[in-house]
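This is final.txt (compact mmCIF, C-alpha atoms and all ligand atoms).
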```txt
# COMPACT_ATOMS: atom_id res chain seq x y z
CA MET L 1 2.86 24.00 140.11
CA LYS L 2 2.20 20.67 138.52
CA ARG L 3 2.76 20.60 134.77
CA MET L 4 0.18 18.81 132.63
CA THR L 5 0.71 19.35 128.95
CA GLY L 6 -2.60 19.63 127.20
CA THR L 7 -4.55 18.46 130.25
CA ALA L 8 -6.97 20.50 132.29
CA LYS L 9 -6.93 20.17 136.08
CA ASN L 10 -7.51 22.62 138.95
CA ASN L 11 -8.36 25.25 136.33
CA HIS L 12 -4.80 25.12 134.99
CA LEU L 13 -3.88 23.93 131.54
CA ILE L 14 -0.42 24.01 130.07
CA SER L 15 0.85 23.47 126.57
CA ARG L 16 4.52 23.67 125.54
CA TRP L 17 5.98 23.65 122.04
CA ARG L 18 9.26 24.21 120.27
CA CYS L 19 8.87 25.77 116.82
CA PRO L 20 11.64 26.48 114.31
CA SER L 21 12.29 29.54 112.23
CA ASN L 22 12.14 29.20 108.46
CA ILE L 23 13.89 30.76 105.51
CA ALA L 24 12.02 31.50 102.30
CA LEU L 25 13.48 30.46 98.96
CA VAL L 26 10.62 32.06 97.04
CA LYS L 27 9.70 35.17 99.03
CA TYR L 28 6.39 36.37 100.39
CA TRP L 29 6.24 40.13 99.91
CA GLY L 30 2.94 42.01 99.89
CA LYS L 31 -0.47 41.12 101.38
CA HIS L 32 -4.10 41.13 100.39
CA ASP L 33 -7.09 41.14 102.72
CA PHE L 34 -6.11 40.18 106.27
CA GLN L 35 -2.64 38.59 106.46
CA LYS L 36 -3.02 36.80 103.13
CA PRO L 37 -0.07 36.74 100.75
CA MET L 38 0.00 38.55 97.42
CA ASN L 39 2.01 35.64 96.00
CA PRO L 40 2.85 32.06 96.97
CA SER L 41 6.11 31.40 98.83
CA LEU L 42 8.24 28.33 99.47
CA SER L 43 10.58 27.83 102.41
CA PHE L 44 12.37 25.32 104.58
CA VAL L 45 12.52 25.14 108.38
CA LEU L 46 15.77 25.49 110.27
CA GLN L 47 16.99 23.06 112.88
CA ASN L 48 18.91 25.20 115.37
CA ALA L 49 17.02 28.50 115.32
CA PHE L 50 13.79 27.97 117.27
CA THR L 51 11.51 29.35 119.96
CA GLU L 52 10.19 27.39 122.95
CA THR L 53 6.94 28.63 124.42
CA SER L 54 4.78 27.49 127.26
CA VAL L 55 1.20 28.75 127.59
CA GLU L 56 -0.55 28.32 130.90
CA LEU L 57 -4.24 29.08 131.32
CA HIS L 58 -5.43 29.93 134.80
CA LYS L 59 -8.08 31.85 136.69
CA ASP L 60 -5.90 33.43 139.38
CA GLY L 61 -6.13 37.20 139.86
CA ASP L 62 -7.33 39.55 137.16
CA GLN L 63 -4.32 40.13 134.94
CA LYS L 64 -5.25 38.89 131.46
CA LEU L 65 -1.70 38.21 130.26
CA GLU L 66 1.70 37.87 131.86
CA PHE L 67 4.35 37.41 129.19
CA PHE L 68 7.94 36.56 130.04
CA PHE L 69 10.64 36.46 127.40
CA GLU L 70 13.74 34.69 128.67
CA GLY L 71 12.58 35.18 132.23
CA VAL L 72 11.72 38.89 132.07
CA VAL L 73 8.54 40.80 131.30
CA SER L 74 8.74 41.85 127.65
CA ASP L 75 7.15 44.48 125.35
CA PHE L 76 6.29 41.71 122.93
CA GLY L 77 3.45 40.99 125.39
CA GLU L 78 1.48 43.92 123.91
CA ARG L 79 1.59 42.33 120.44
CA ILE L 80 0.51 39.00 121.94
CA GLU L 81 -2.37 40.63 123.81
CA LYS L 82 -3.67 42.10 120.53
CA TYR L 83 -3.20 38.74 118.86
CA LEU L 84 -5.20 36.92 121.55
CA ASP L 85 -7.91 39.58 121.30
CA HIS L 86 -8.07 39.02 117.59
CA LEU L 87 -8.50 35.27 118.04
CA THR L 88 -11.41 35.38 120.52
CA THR L 89 -14.05 34.88 117.84
CA ARG L 90 -12.35 31.64 116.75
CA LEU L 91 -11.26 30.53 120.21
CA PRO L 92 -13.99 31.80 122.56
CA TRP L 93 -12.32 30.13 125.59
CA ILE L 94 -9.65 32.87 125.42
CA ASN L 95 -12.15 35.16 127.16
CA LYS L 96 -12.61 32.75 130.06
CA TYR L 97 -8.97 32.44 131.18
CA ASN L 98 -5.92 34.45 132.08
CA PHE L 99 -2.63 33.62 130.37
CA ARG L 100 0.88 33.11 131.67
CA ILE L 101 3.27 32.71 128.75
CA TYR L 102 6.98 31.94 128.93
CA SER L 103 9.11 32.07 125.81
CA ARG L 104 12.77 31.74 124.88
CA ASN L 105 14.76 31.68 121.67
CA SER L 106 17.68 29.38 120.87
CA PHE L 107 19.45 32.28 119.14
CA PRO L 108 20.51 35.59 120.65
CA HIS L 109 17.78 38.24 120.56
CA SER L 110 20.25 40.84 119.28
CA ALA L 111 21.42 38.66 116.37
CA GLY L 112 19.12 40.42 113.91
CA ILE L 113 17.39 37.23 112.78
CA ALA L 114 13.63 37.52 112.62
CA SER L 115 12.10 35.74 115.58
CA SER L 116 8.44 36.44 114.83
CA ALA L 117 8.11 33.28 112.68
CA SER L 118 9.28 30.90 115.40
CA SER L 119 7.59 32.91 118.20
CA PHE L 120 4.14 33.01 116.64
CA GLY L 121 4.60 29.46 115.40
CA ALA L 122 5.22 28.16 118.92
CA LEU L 123 2.39 30.23 120.41
CA ALA L 124 -0.07 29.09 117.73
CA LEU L 125 0.86 25.45 118.34
CA CYS L 126 0.13 25.85 122.07
CA LEU L 127 -3.22 27.54 121.36
CA THR L 128 -4.18 24.87 118.84
CA GLU L 129 -3.30 22.09 121.26
CA ILE L 130 -5.39 23.74 123.99
CA ASP L 131 -8.32 24.14 121.60
CA PHE L 132 -8.05 20.49 120.53
CA THR L 133 -7.92 19.45 124.20
CA PHE L 134 -11.11 21.40 124.99
CA LEU L 135 -12.87 19.91 121.98
CA GLY L 136 -11.56 16.38 122.63
CA LYS L 137 -9.92 16.31 119.18
CA ASP L 138 -6.84 14.31 118.21
CA ILE L 139 -3.70 16.42 117.73
CA ASN L 140 -2.22 13.70 115.53
CA SER L 141 -4.29 14.73 112.57
CA GLN L 142 -3.66 16.89 109.52
CA GLY L 143 -6.31 19.30 110.78
CA PHE L 144 -4.11 20.11 113.78
CA TRP L 145 -1.23 21.36 111.65
CA LEU L 146 -3.44 23.27 109.24
CA MET L 147 -5.15 25.05 112.13
CA ALA L 148 -1.82 25.84 113.85
CA SER L 149 -0.52 27.19 110.53
CA ASP L 150 -3.63 29.33 110.04
CA LEU L 151 -3.50 30.73 113.60
CA SER L 152 0.19 31.54 113.36
CA ARG L 153 -0.32 33.31 110.01
CA ILE L 154 -2.61 35.76 111.81
CA GLY L 155 0.30 36.73 114.11
CA SER L 156 3.06 36.71 111.49
CA GLY L 157 2.53 35.65 107.88
CA SER L 158 5.77 33.78 107.29
CA SER L 159 5.38 31.83 110.56
CA CYS L 160 2.65 29.68 108.98
CA ARG L 161 5.42 27.92 107.01
CA SER L 162 7.18 26.75 110.21
CA MET L 163 4.78 23.89 110.95
CA TYR L 164 6.28 21.04 108.98
CA PRO L 165 9.54 19.16 108.59
CA GLY L 166 11.61 20.30 105.60
CA PHE L 167 9.89 22.35 102.92
CA ALA L 168 6.54 24.15 103.02
CA LEU L 169 4.46 26.17 100.60
CA TRP L 170 2.08 28.99 101.48
CA GLY L 171 -0.34 30.70 99.12
CA LYS L 172 -2.63 29.55 96.34
CA THR L 173 -0.85 28.11 93.31
CA HIS L 174 -2.09 26.01 90.39
CA LEU L 175 0.62 23.48 91.26
CA PHE L 176 -1.21 22.11 94.32
CA GLU L 177 -4.93 21.86 94.66
CA SER L 178 -4.60 21.78 98.47
CA SER L 179 -2.65 25.07 98.60
CA GLY L 180 -4.33 28.15 100.04
CA ASP L 181 -3.75 31.66 101.33
CA GLU L 182 -4.89 30.77 104.87
CA TYR L 183 -2.30 28.14 105.74
CA ALA L 184 0.88 26.50 104.54
CA ILE L 185 1.06 22.92 103.32
CA PRO L 186 3.99 20.52 103.73
CA LEU L 187 6.05 19.60 100.67
CA THR L 188 7.51 16.23 101.41
CA GLU L 189 6.98 13.98 98.44
CA GLY L 190 9.54 13.12 95.83
CA PHE L 191 12.37 15.57 96.42
CA GLN L 192 15.88 14.42 95.55
CA PRO L 193 17.87 13.32 98.64
CA VAL L 194 20.56 15.98 98.05
CA PHE L 195 18.10 18.58 99.36
CA SER L 196 17.71 16.85 102.71
CA GLY L 197 21.38 17.78 103.23
CA LEU L 198 20.73 21.51 102.84
CA ARG L 199 22.86 23.69 105.10
CA ASP L 200 22.30 27.32 106.03
CA ALA L 201 25.17 29.41 107.36
CA ILE L 202 23.52 32.57 108.69
CA LEU L 203 26.12 35.31 108.35
CA LEU L 204 25.26 38.11 110.76
CA VAL L 205 26.28 41.30 109.02
CA ASP L 206 24.33 43.67 111.21
CA SER L 207 22.22 43.12 114.29
CA GLY L 208 20.75 46.64 114.39
CA ILE L 209 17.11 47.69 114.48
CA LYS L 210 15.23 47.17 111.22
CA GLU L 211 14.95 50.32 109.08
CA VAL L 212 11.48 49.30 107.97
CA SER L 213 9.13 46.90 109.75
CA SER L 214 7.97 43.96 107.66
CA SER L 215 4.33 45.13 107.87
CA ALA L 216 5.31 48.55 106.49
CA GLY L 217 7.38 46.78 103.83
CA HIS L 218 4.47 44.56 102.75
CA GLN L 219 2.25 47.63 102.47
CA LEU L 220 4.62 49.22 99.97
CA MET L 221 3.63 46.48 97.50
CA ASN L 222 0.00 47.73 97.43
CA ASP L 223 0.70 50.35 94.80
CA HIS L 224 4.12 49.23 93.69
CA ILE L 225 4.86 49.87 90.03
CA PHE L 226 6.19 46.30 89.64
CA GLN L 227 3.41 44.59 91.62
CA HIS L 228 1.99 42.55 88.73
CA SER L 229 5.31 41.44 87.35
CA ARG L 230 6.52 40.50 90.84
CA ILE L 231 3.46 38.30 91.41
CA ALA L 232 3.97 36.63 88.02
CA GLN L 233 7.68 36.10 88.75
CA ALA L 234 6.96 34.46 92.12
CA HIS L 235 4.49 32.00 90.51
CA GLU L 236 7.01 31.14 87.83
CA ASN L 237 9.80 30.72 90.39
CA ILE L 238 7.63 28.41 92.52
CA ASN L 239 7.15 26.18 89.46
CA GLU L 240 10.84 26.22 88.55
CA LEU L 241 12.02 25.63 92.10
CA TYR L 242 9.60 22.77 92.65
CA LEU L 243 10.83 21.12 89.47
CA ALA L 244 14.46 21.65 90.55
CA LEU L 245 13.71 19.97 93.91
CA LEU L 246 12.05 17.03 92.17
CA THR L 247 14.82 16.53 89.63
CA GLY L 248 17.84 17.41 91.81
CA ASN L 249 18.74 20.35 89.59
CA GLN L 250 21.11 22.26 91.89
CA LYS L 251 22.01 24.81 89.20
CA LYS L 252 18.35 25.80 88.76
CA PHE L 253 17.87 25.83 92.55
CA ILE L 254 20.74 28.33 92.89
CA GLU L 255 19.46 30.48 90.02
CA VAL L 256 15.93 30.75 91.45
CA VAL L 257 17.02 31.28 95.06
CA GLU L 258 19.41 34.13 94.28
CA SER L 259 17.01 35.77 91.85
CA GLU L 260 14.29 35.72 94.56
CA ALA L 261 16.54 37.30 97.19
CA LEU L 262 17.58 40.06 94.80
CA SER L 263 13.99 40.63 93.61
CA LEU L 264 12.83 41.08 97.21
CA HIS L 265 15.49 43.74 97.74
CA ALA L 266 14.77 45.27 94.32
CA MET L 267 11.11 45.65 95.35
CA MET L 268 12.23 47.59 98.41
CA MET L 269 14.66 49.73 96.45
CA THR L 270 11.98 50.65 93.91
CA SER L 271 9.08 51.33 96.27
CA ASN L 272 7.94 54.75 97.39
CA PRO L 273 9.52 55.52 99.83
CA TRP L 274 12.48 53.29 98.97
CA PHE L 275 14.74 51.36 101.33
CA ILE L 276 18.19 49.91 100.86
CA LEU L 277 18.50 47.19 103.48
CA MET L 278 21.76 45.64 102.29
CA LYS L 279 24.96 46.93 103.83
CA PRO L 280 28.34 47.20 102.09
CA ASN L 281 29.37 43.98 103.87
CA SER L 282 26.26 42.17 102.55
CA LEU L 283 27.35 43.04 99.00
CA GLU L 284 30.93 42.00 99.69
CA ILE L 285 29.74 38.61 100.93
CA ILE L 286 27.39 38.15 97.95
CA ASN L 287 30.21 38.90 95.50
CA ARG L 288 32.58 36.54 97.27
CA ILE L 289 30.01 33.73 97.23
CA ARG L 290 29.57 34.15 93.48
CA ARG L 291 33.34 34.22 92.85
CA PHE L 292 33.89 31.14 95.03
CA ARG L 293 31.18 29.26 93.12
CA GLU L 294 32.66 30.24 89.77
CA LYS L 295 36.17 29.27 90.85
CA THR L 296 35.40 25.95 92.56
CA SER L 297 32.10 24.81 90.91
CA ILE L 298 30.85 24.01 94.42
CA PRO L 299 27.06 24.50 94.40
CA LEU L 300 26.26 27.20 96.93
CA CYS L 301 24.15 30.36 96.91
CA PHE L 302 22.83 33.16 99.05
CA THR L 303 19.41 34.29 100.15
CA MET L 304 18.28 37.15 102.38
CA ASP L 305 15.28 38.29 104.37
CA ALA L 306 14.25 41.92 104.54
CA GLY L 307 17.54 42.89 106.20
CA PRO L 308 21.30 42.87 105.72
CA ASN L 309 22.14 39.34 106.91
CA ILE L 310 23.11 36.67 104.41
CA HIS L 311 21.95 33.06 104.48
CA LEU L 312 24.60 31.04 102.69
CA LEU L 313 22.95 27.85 101.44
CA TYR L 314 25.02 24.81 100.52
CA PHE L 315 24.91 20.99 100.63
CA SER L 316 26.22 18.57 103.23
CA GLU L 317 28.75 16.95 100.89
CA ASN L 318 30.57 20.29 100.57
CA GLU L 319 30.48 21.10 104.27
CA SER L 320 34.21 21.15 104.98
CA ASP L 321 35.11 23.22 101.89
CA VAL L 322 32.35 25.72 102.52
CA LYS L 323 33.13 26.08 106.22
CA ALA L 324 36.78 26.71 105.39
CA PHE L 325 35.65 29.35 102.86
CA ILE L 326 33.41 31.02 105.46
CA GLU L 327 36.22 31.21 107.98
CA ARG L 328 38.85 32.32 105.49
CA GLU L 329 36.86 34.84 103.48
CA LEU L 330 33.50 35.77 104.98
CA LEU L 331 33.75 36.11 108.75
CA ALA L 332 35.69 39.34 108.40
CA PHE L 333 32.46 40.89 107.02
CA CYS L 334 30.23 39.64 109.84
CA LYS L 335 29.57 41.69 112.94
CA ASN L 336 32.07 40.52 115.57
CA GLY L 337 32.71 37.49 113.33
CA HIS L 338 29.29 36.06 114.26
CA TRP L 339 27.48 33.42 112.25
CA ILE L 340 24.99 30.63 112.99
CA ASP L 341 25.58 27.13 111.70
CA ASP L 342 22.16 25.81 110.73
CA ARG L 343 20.51 23.29 108.41
CA ILE L 344 17.18 22.05 107.14
CA GLY L 345 15.18 20.85 110.14
CA ASN L 346 12.58 18.38 111.34
CA GLY L 347 9.82 20.83 112.23
CA PRO L 348 8.06 21.61 115.51
CA GLU L 349 8.16 19.42 118.57
CA ARG L 350 5.79 19.14 121.47
CA ILE L 351 7.69 19.52 124.75
CA THR L 352 6.70 16.97 127.31
CA ASP L 353 7.61 16.66 130.99
CA GLY L 354 11.28 16.00 131.50
CA GLN L 355 12.41 17.78 128.29
O1 LIG V 401 6.09 37.28 108.12
P1 LIG V 401 6.54 38.66 107.93
O2 LIG V 401 5.40 39.61 107.87
O3 LIG V 401 7.59 39.09 108.92
O4 LIG V 401 7.22 38.78 106.47
C1 LIG V 401 8.47 38.25 106.19
C2 LIG V 401 8.75 38.34 104.74
C3 LIG V 401 10.15 37.89 104.30
O5 LIG V 401 10.87 37.32 105.36
C4 LIG V 401 10.93 39.05 103.76
C5 LIG V 401 10.02 36.85 103.19
C6 LIG V 401 9.47 35.51 103.59
O6 LIG V 401 8.77 34.92 102.76
O7 LIG V 401 9.75 35.03 104.70
```
Could you rewrite the structure in this file as structure tokens?
Ligand code: PMV
Amino acid sequence: MKRMTGTAKNNHLISRWRCPSNIALVKYWGKHDFQKPMNPSLSFVLQNAFTETSVELHKDGDQKLEFFFEGVVSDFGERIEKYLDHLTTRLPWINKYNFRIYSRNSFPHSAGIASSASSFGALALCLTEIDFTFLGKDINSQGFWLMASDLSRIGSGSSCRSMYPGFALWGKTHLFESSGDEYAIPLTEGFQPVFSGLRDAILLVDSGIKEVSSSAGHQLMNDHIFQHSRIAQAHENINELYLALLTGNQKKFIEVVESEALSLHAMMMTSNPWFILMKPNSLEIINRIRRFREKTSIPLCFTMDAGPNIHLLYFSENESDVKAFIERELLAFCKNGHWIDDRIGNGPERITDGQ
């Protein structure tokens, strides 16, 4: 079939996007209302960990959705069907078409890195482009990215931060008038150049199935004994981190990032029921990172998602020392010695013919 990105012809319309994953420095944990965050979060997008998705609308047959992940029919299709159902009030054209969706990740499915951020990000970008095409609106406008961010948030909260190059902020804070709980905003202005050389070595400690889904985890914050202090801490950490990015304060950056990762895990350890998602090897890596920093004064730190893998963050000027450290001291604690060499990225990309 002929491919026409964002163009309708013969009742077929195709949109294709690549969307990166992101890693939070200040963590989103806990929701209010529908998919809105209990506290603001701040993240950066990765360059090498992404999802590519193509959405094709058609009127052939009567199957509403065919979803292929890396060439095969996937269970994730059920989650996408519910998502599309949910969006019909905002995008009424969803009811008029059938969907053929192809998706692939740049990272192995079994790696244990969350793929919902990049997956929903890519899907939301395709849906937003299709909507803009139907309405004759220009996709090169700020409204495009805000809408894509909002739509992706409905599928997976953290995915709304994957829409921009570099850093993004999601959730209402006094720091930015334009911030909101419905979508993320880009943070591009005024950061010290050292942060555009951020590196992320994703150390894959365990690729097993999650002990607790992120939606169940978020729910545990509803009546968490530390809920109020956690919300206050996240607001304070957003302020401190933003100031560190503006002033180039790497020491403060490290302090906030590690405190956020540990607070996220502390929230899980102190909820009812509790969960310990770190593994002995996660702790070993964390301790070694701290010792290496103390011994060498090289600025590096760790962060984590709601799982056992460690994101080792460092700066481009220390690349060779840190890579030697990873190989010498950390790979022994990674599953089959696996890690992913990533860095701060340029944000989503529309895939055109020939790419
Ligand atoms: O987007 P969700 O519902 O999968 O939540 C992810 C939350 C964390 O990854 C733990 C933190 C974050 O801000 O990304």
Open item on the list: as a ChimeraX atom specification, please: the residues near Asn318 of chain L (cut-off 10 Å, only C-alpha atoms, same-chain neighbours under 5 positions excluded).
Closed with: /L:197,199,298-300,323
Please dump the current selection as a PDB file, keeping the file's coordinate frame; keep C-alpha atoms.
```
ATOM      1  CA  GLY L 197      21.380  17.780 103.230  1.00  0.00           C
ATOM      2  CA  ARG L 199      22.860  23.690 105.100  1.00  0.00           C
ATOM      3  CA  ILE L 298      30.850  24.010  94.420  1.00  0.00           C
ATOM      4  CA  PRO L 299      27.060  24.500  94.400  1.00  0.00           C
ATOM      5  CA  LEU L 300      26.260  27.200  96.930  1.00  0.00           C
ATOM      6  CA  LYS L 323      33.130  26.080 106.220  1.00  0.00           C
TER       7      LYS L 323
END
```
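Restricting the atom set to all atoms listed in the file, one finds that the residues within 7 Å of ligand LIG 401 (chain V) amount to Ile23, Ala24, Val26, Lys27, Tyr28, Trp29, Ser41, Ser116, Ala117, Ser156, Gly157, Ser158, Ser159, Ser214, Ser215, Asp305 and Ala306 of chain L.
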Okay, now the selection with C-alpha atoms, as a PDB file, in the frame of the given file?
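out04.pdb, freshly written:
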```
ATOM      1  CA  ILE L  23      13.890  30.760 105.510  1.00  0.00           C
ATOM      2  CA  ALA L  24      12.020  31.500 102.300  1.00  0.00           C
ATOM      3  CA  VAL L  26      10.620  32.060  97.040  1.00  0.00           C
ATOM      4  CA  LYS L  27       9.700  35.170  99.030  1.00  0.00           C
ATOM      5  CA  TYR L  28       6.390  36.370 100.390  1.00  0.00           C
ATOM      6  CA  TRP L  29       6.240  40.130  99.910  1.00  0.00           C
ATOM      7  CA  SER L  41       6.110  31.400  98.830  1.00  0.00           C
ATOM      8  CA  SER L 116       8.440  36.440 114.830  1.00  0.00           C
ATOM      9  CA  ALA L 117       8.110  33.280 112.680  1.00  0.00           C
ATOM     10  CA  SER L 156       3.060  36.710 111.490  1.00  0.00           C
ATOM     11  CA  GLY L 157       2.530  35.650 107.880  1.00  0.00           C
ATOM     12  CA  SER L 158       5.770  33.780 107.290  1.00  0.00           C
ATOM     13  CA  SER L 159       5.380  31.830 110.560  1.00  0.00           C
ATOM     14  CA  SER L 214       7.970  43.960 107.660  1.00  0.00           C
ATOM     15  CA  SER L 215       4.330  45.130 107.870  1.00  0.00           C
ATOM     16  CA  ASP L 305      15.280  38.290 104.370  1.00  0.00           C
ATOM     17  CA  ALA L 306      14.250  41.920 104.540  1.00  0.00           C
TER      18      ALA L 306
END
```
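Using only C-alpha atoms, the shortest contact distance between Glu258 of chain L and any of L:Ser207, L:Asn336, L:Asn237, L:Thr53 is found at L:Asn237.
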Open item on the list: Report, in Å to a single decimal, how far apart atom CA of Pro40 of chain L and atom CA of Ala184 of chain L are.
Closed with: 9.6 Å
Task: Ref. answer, residues at most 9 Å from (18.0, 42.0, 100.6) with all atoms listed in the file, as a ChimeraX atom specification - done: /L:261-266,268,276-278,282,303-310
Would you mind putting back all heavy atoms on segment 129-138 of chain L, then writing it out as a short mmCIF file (atom, residue, chain, number, x, y, z; two decimals), keeping the file's coordinate frame?
```cif
data_model
loop_
_atom_site.label_atom_id
_atom_site.label_comp_id
_atom_site.auth_asym_id
_atom_site.auth_seq_id
_atom_site.Cartn_x
_atom_site.Cartn_y
_atom_site.Cartn_z
N GLU L 129 -3.23 23.28 120.41
CA GLU L 129 -3.30 22.09 121.26
C GLU L 129 -4.37 22.27 122.35
O GLU L 129 -5.15 21.35 122.64
CB GLU L 129 -1.94 21.79 121.91
CG GLU L 129 -2.03 20.50 122.73
CD GLU L 129 -0.77 20.17 123.52
OE1 GLU L 129 0.15 20.99 123.60
OE2 GLU L 129 -0.73 19.05 124.07
N ILE L 130 -4.39 23.48 122.93
CA ILE L 130 -5.39 23.74 123.99
C ILE L 130 -6.81 23.62 123.42
O ILE L 130 -7.69 23.00 124.01
CB ILE L 130 -5.13 25.12 124.65
CG1 ILE L 130 -3.81 25.08 125.41
CG2 ILE L 130 -6.29 25.52 125.55
CD1 ILE L 130 -3.30 26.42 125.90
N ASP L 131 -6.99 24.22 122.23
CA ASP L 131 -8.32 24.14 121.60
C ASP L 131 -8.71 22.69 121.33
O ASP L 131 -9.85 22.28 121.61
CB ASP L 131 -8.30 24.94 120.28
CG ASP L 131 -9.70 25.19 119.76
OD1 ASP L 131 -10.50 25.77 120.50
OD2 ASP L 131 -10.00 24.76 118.62
N PHE L 132 -7.76 21.91 120.81
CA PHE L 132 -8.05 20.49 120.53
C PHE L 132 -8.36 19.74 121.82
O PHE L 132 -9.21 18.87 121.86
CB PHE L 132 -6.87 19.84 119.78
CG PHE L 132 -7.01 19.90 118.27
CD1 PHE L 132 -7.30 21.10 117.63
CD2 PHE L 132 -6.85 18.76 117.49
CE1 PHE L 132 -7.43 21.16 116.24
CE2 PHE L 132 -6.99 18.81 116.10
CZ PHE L 132 -7.28 20.01 115.48
N THR L 133 -7.67 20.10 122.92
CA THR L 133 -7.92 19.45 124.20
C THR L 133 -9.35 19.75 124.68
O THR L 133 -10.08 18.84 125.08
CB THR L 133 -6.90 19.93 125.26
OG1 THR L 133 -5.60 19.70 124.75
CG2 THR L 133 -7.07 19.23 126.59
N PHE L 134 -9.75 21.04 124.57
CA PHE L 134 -11.11 21.40 124.99
C PHE L 134 -12.16 20.67 124.16
O PHE L 134 -13.20 20.27 124.66
CB PHE L 134 -11.34 22.92 124.86
CG PHE L 134 -10.76 23.71 126.00
CD1 PHE L 134 -10.04 24.89 125.76
CD2 PHE L 134 -10.93 23.31 127.32
CE1 PHE L 134 -9.52 25.63 126.80
CE2 PHE L 134 -10.40 24.05 128.38
CZ PHE L 134 -9.69 25.22 128.11
N LEU L 135 -11.87 20.52 122.88
CA LEU L 135 -12.87 19.91 121.98
C LEU L 135 -12.75 18.38 121.92
O LEU L 135 -13.48 17.73 121.18
CB LEU L 135 -12.74 20.50 120.58
CG LEU L 135 -13.01 22.01 120.46
CD1 LEU L 135 -12.73 22.50 119.05
CD2 LEU L 135 -14.46 22.33 120.84
N GLY L 136 -11.77 17.83 122.64
CA GLY L 136 -11.56 16.38 122.63
C GLY L 136 -11.09 15.87 121.28
O GLY L 136 -11.37 14.73 120.92
N LYS L 137 -10.37 16.73 120.51
CA LYS L 137 -9.92 16.31 119.18
C LYS L 137 -8.48 15.79 119.22
O LYS L 137 -7.70 16.19 120.09
CB LYS L 137 -10.02 17.49 118.20
CG LYS L 137 -11.46 17.75 117.83
CD LYS L 137 -11.77 18.94 116.95
CE LYS L 137 -10.83 19.59 116.06
NZ LYS L 137 -11.35 20.77 115.39
N ASP L 138 -8.15 14.96 118.25
CA ASP L 138 -6.84 14.31 118.21
C ASP L 138 -5.79 15.25 117.58
O ASP L 138 -5.97 15.69 116.45
CB ASP L 138 -6.98 13.03 117.37
CG ASP L 138 -5.68 12.25 117.29
OD1 ASP L 138 -4.71 12.62 117.98
OD2 ASP L 138 -5.65 11.26 116.52
#
```
